[in-house]
Amino acid sequence: MTDVTITNRRADSSANEDLTKLARHGADSFGYKAQLRVDRRLAQLLRLRVSQINNCAYCLNLHYEAARDAGIPRPVIDTLTAWWETDFHDDAARAALAYTEAITRVADATVADDFGARHDALAEHFSREEILEIIGIVINMNVWTRLKMAEGAVPGLAEQATS
């Protein structure tokens, strides 16, 4: 694996203690190292899908690697942007991915109209506690993608940074 360096082109959120606490709390509670009831691989796919939707280069770099580290097969990772066109996901994962997209794209009127149905589909496969974790995972990832976008956090190859 090639080493990557991160450069913040716009802002440094670590200069604000409250932003740091907000981000850290979300990561500790719902991030990829948190202890969750929801299957680790599914949680990682949800994080990656939020990263894809929000076009966060920092998060994409981090969560593609985390997905591989979680043992998710490469074809599942590589086709996540069109998950509904594959047979890689069971009904529970499909419901979770659809719900993830609904929370992330809630400002889109066509998604907002369908939000209740997506929640109901999720409830067919997950307990109340698991649904709350899924909500936490998705909200946490949306916080991180927006924070890293505001920072202008961009990954670069480590050897380019030193030359």
# chains A, B, ... in the order shown; residues from 1 in each chain; ligands from 1
call {"tool": "residues_around", "arguments": {"residues": "segment 152-155 of chain A", "least_positions_apart": "6", "cutoff": "9 Å", "atoms": "only C-alpha atoms", "output": "list in words"}}
result
Val4, Thr5, Ile6, Thr7, Asn8, Arg9, Arg10, Ala11, Asp12, Cys56, Ala57, Tyr58 and Asn61 of chain A
call {"tool": "residues_around", "arguments": {"residues": "Val138 of chain A", "least_positions_apart": "5", "cutoff": "8 Å", "atoms": "only C-alpha atoms", "output": "VMD selection string"}}
result
chain A and resid 46 to 47 50 100 103 to 104
call {"tool": "write_last_selection", "arguments": {"atoms": "C-alpha atoms", "output": "short mmCIF file (atom, residue, chain, number, x, y, z; two decimals), in the first residue's frame"}}
result
data_model
loop_
_atom_site.label_atom_id
_atom_site.label_comp_id
_atom_site.auth_asym_id
_atom_site.auth_seq_id
_atom_site.Cartn_x
_atom_site.Cartn_y
_atom_site.Cartn_z
CA LEU A 46 -22.47 2.54 4.67
CA ARG A 47 -19.52 4.81 5.53
CA VAL A 50 -21.71 8.32 2.24
CA THR A 100 -28.12 5.61 4.01
CA ILE A 103 -30.40 10.33 5.05
CA THR A 104 -27.47 11.65 3.04
#
call {"tool": "residues_around", "arguments": {"residues": "Arg118 of chain A", "least_positions_apart": "4", "cutoff": "12 Å", "atoms": "only C-alpha atoms", "output": "list in words"}}
result
Ala92, Arg94, Ala95, Ala96, Leu97, Ala98, Tyr99, Thr100, Glu101, Ala102, Ile103, Val106, Val111, Ala112, Asp113, Asp114, Leu122, Ala123, Glu124, His125 and Ile131 of chain A
call {"tool": "write_last_selection", "arguments": {"atoms": "N, CA and C atoms", "output": "mmCIF file, in the first residue's frame"}}
result
data_model
loop_
_atom_site.group_PDB
_atom_site.id
_atom_site.type_symbol
_atom_site.label_atom_id
_atom_site.label_comp_id
_atom_site.auth_asym_id
_atom_site.auth_seq_id
_atom_site.Cartn_x
_atom_site.Cartn_y
_atom_site.Cartn_z
ATOM 1 N N ALA A 92 -31.370 -7.093 3.684
ATOM 2 C CA ALA A 92 -31.048 -6.222 4.820
ATOM 3 C C ALA A 92 -30.021 -5.167 4.402
ATOM 4 N N ARG A 94 -29.407 -4.114 1.391
ATOM 5 C CA ARG A 94 -30.051 -3.219 0.421
ATOM 6 C C ARG A 94 -30.902 -2.166 1.139
ATOM 7 N N ALA A 95 -31.626 -2.588 2.155
ATOM 8 C CA ALA A 95 -32.436 -1.644 2.922
ATOM 9 C C ALA A 95 -31.545 -0.621 3.626
ATOM 10 N N ALA A 96 -30.430 -1.077 4.188
ATOM 11 C CA ALA A 96 -29.510 -0.170 4.881
ATOM 12 C C ALA A 96 -28.845 0.801 3.914
ATOM 13 N N LEU A 97 -28.464 0.329 2.751
ATOM 14 C CA LEU A 97 -27.859 1.212 1.758
ATOM 15 C C LEU A 97 -28.867 2.243 1.244
ATOM 16 N N ALA A 98 -30.089 1.817 1.003
ATOM 17 C CA ALA A 98 -31.124 2.754 0.545
ATOM 18 C C ALA A 98 -31.413 3.806 1.614
ATOM 19 N N TYR A 99 -31.457 3.382 2.852
ATOM 20 C CA TYR A 99 -31.696 4.310 3.965
ATOM 21 C C TYR A 99 -30.526 5.281 4.121
ATOM 22 N N THR A 100 -29.314 4.774 3.967
ATOM 23 C CA THR A 100 -28.118 5.610 4.014
ATOM 24 C C THR A 100 -28.201 6.705 2.957
ATOM 25 N N GLU A 101 -28.592 6.332 1.763
ATOM 26 C CA GLU A 101 -28.723 7.320 0.692
ATOM 27 C C GLU A 101 -29.824 8.324 1.011
ATOM 28 N N ALA A 102 -30.907 7.868 1.624
ATOM 29 C CA ALA A 102 -32.008 8.767 1.968
ATOM 30 C C ALA A 102 -31.573 9.803 3.005
ATOM 31 N N ILE A 103 -30.863 9.378 4.036
ATOM 32 C CA ILE A 103 -30.401 10.334 5.050
ATOM 33 C C ILE A 103 -29.409 11.316 4.436
ATOM 34 N N VAL A 106 -31.258 13.791 1.858
ATOM 35 C CA VAL A 106 -32.585 14.180 2.322
ATOM 36 C C VAL A 106 -33.075 15.481 1.681
ATOM 37 N N VAL A 111 -36.076 11.882 -2.900
ATOM 38 C CA VAL A 111 -35.653 11.008 -1.807
ATOM 39 C C VAL A 111 -36.508 11.275 -0.577
ATOM 40 N N ALA A 112 -36.746 12.543 -0.291
ATOM 41 C CA ALA A 112 -37.533 12.913 0.887
ATOM 42 C C ALA A 112 -38.932 12.312 0.827
ATOM 43 N N ASP A 113 -39.522 12.262 -0.355
ATOM 44 C CA ASP A 113 -40.858 11.674 -0.511
ATOM 45 C C ASP A 113 -40.871 10.193 -0.155
ATOM 46 N N ASP A 114 -39.747 9.537 -0.319
ATOM 47 C CA ASP A 114 -39.620 8.100 -0.147
ATOM 48 C C ASP A 114 -39.016 7.714 1.209
ATOM 49 N N LEU A 122 -36.071 -0.745 6.289
ATOM 50 C CA LEU A 122 -34.972 -0.984 7.223
ATOM 51 C C LEU A 122 -35.479 -1.718 8.461
ATOM 52 N N ALA A 123 -36.632 -1.313 8.957
ATOM 53 C CA ALA A 123 -37.211 -1.897 10.172
ATOM 54 C C ALA A 123 -37.604 -3.365 9.989
ATOM 55 N N GLU A 124 -37.744 -3.810 8.758
ATOM 56 C CA GLU A 124 -38.036 -5.217 8.502
ATOM 57 C C GLU A 124 -36.831 -6.119 8.792
ATOM 58 N N HIS A 125 -35.642 -5.530 8.835
ATOM 59 C CA HIS A 125 -34.421 -6.328 8.951
ATOM 60 C C HIS A 125 -33.572 -6.032 10.184
ATOM 61 N N ILE A 131 -31.106 0.058 14.167
ATOM 62 C CA ILE A 131 -31.509 1.198 13.336
ATOM 63 C C ILE A 131 -30.880 2.477 13.871
#
call {"tool": "closest_atom_pairs", "arguments": {"of": "segment 51-74 of chain A", "to": "segment 79-87 of chain A", "cutoff": "9 Å", "atoms": "only C-alpha atoms", "output": "Markdown table"}}
result
| residue | atom | partner | partner_atom | distance |
| --- | --- | --- | --- | --- |
| A:Gln52 | CA | A:Thr81 | CA | 7.2 |
| A:Ile53 | CA | A:Thr81 | CA | 8.4 |
| A:Arg74 | CA | A:Thr79 | CA | 8.6 |
call {"tool": "write_last_selection", "arguments": {"atoms": "C-alpha atoms", "output": "compact mmCIF listing (two decimals), in the first residue's frame"}}
result
# COMPACT_ATOMS: atom_id res chain seq x y z
CA GLN A 52 -19.00 8.44 -2.42
CA ILE A 53 -22.22 10.46 -2.40
CA ARG A 74 -13.09 -6.19 -4.02
call {"tool": "residues_around", "arguments": {"residues": "segment 22-31 of chain A", "least_positions_apart": "2", "cutoff": "8 Å", "atoms": "only C-alpha atoms", "output": "list in words"}}
result
Asp18, Leu19, Thr20, Lys33, Ala34, Gln35, Leu36, Glu133, Gly136, Ile137, Asn140, Met141, Val143 and Trp144 of chain A
call {"tool": "closest_residue", "arguments": {"among": "A:Leu45, A:Ala107, A:Leu132, A:Leu62", "to": "Asp78 of chain A", "atoms": "only C-alpha atoms"}}
result
A:Leu45
call {"tool": "select_by_dssp", "arguments": {"residues": "segment 21-163 of chain A", "states": "strand (DSSP E or B)", "output": "short mmCIF file (atom, residue, chain, number, x, y, z; two decimals) with N, CA and C atoms, in the first residue's frame"}}
result
data_model
loop_
_atom_site.label_atom_id
_atom_site.label_comp_id
_atom_site.auth_asym_id
_atom_site.auth_seq_id
_atom_site.Cartn_x
_atom_site.Cartn_y
_atom_site.Cartn_z
N ALA A 153 -9.43 18.88 2.69
CA ALA A 153 -8.50 17.79 2.95
C ALA A 153 -8.36 16.92 1.71
N VAL A 154 -7.14 16.90 1.18
CA VAL A 154 -6.89 16.12 -0.03
C VAL A 154 -5.74 15.15 0.21
N PRO A 155 -5.92 13.91 -0.20
CA PRO A 155 -4.83 12.95 -0.08
C PRO A 155 -3.82 13.15 -1.22
N GLY A 156 -2.58 12.89 -0.91
CA GLY A 156 -1.52 12.92 -1.92
C GLY A 156 -0.55 11.79 -1.62
N LEU A 157 0.17 11.36 -2.62
CA LEU A 157 1.15 10.29 -2.42
C LEU A 157 2.32 10.83 -1.61
#
call {"tool": "residues_around", "arguments": {"residues": "Leu60 of chain A", "least_positions_apart": "6", "cutoff": "9 Å", "atoms": "only C-alpha atoms", "output": "list in words"}}
result
Leu48, Arg49, Ser51 and Gln52 of chain A
call {"tool": "select_by_dssp", "arguments": {"residues": "chain A", "states": "alpha helix (DSSP H)", "output": "ChimeraX atom specification"}}
result
/A:17-30,40-53,57-69,74-78,91-104,109-113,115-123,128-151,158-162
call {"tool": "atom_distance", "arguments": {"atom1": "atom CA of Asn142 of chain A", "atom2": "atom CA of Arg68 of chain A"}}
result
20.9 Å
call {"tool": "atom_distance", "arguments": {"atom1": "atom CA of Val76 of chain A", "atom2": "atom CA of Gln44 of chain A"}}
result
11.6 Å
call {"tool": "closest_residue", "arguments": {"among": "A:Ala121, A:Ala43, A:Ile139, A:Val38", "to": "Arg105 of chain A", "atoms": "only C-alpha atoms"}}
result
A:Ile139
call {"tool": "atom_distance", "arguments": {"atom1": "atom CA of Asp3 of chain A", "atom2": "atom CA of Arg146 of chain A"}}
result
23.8 Å
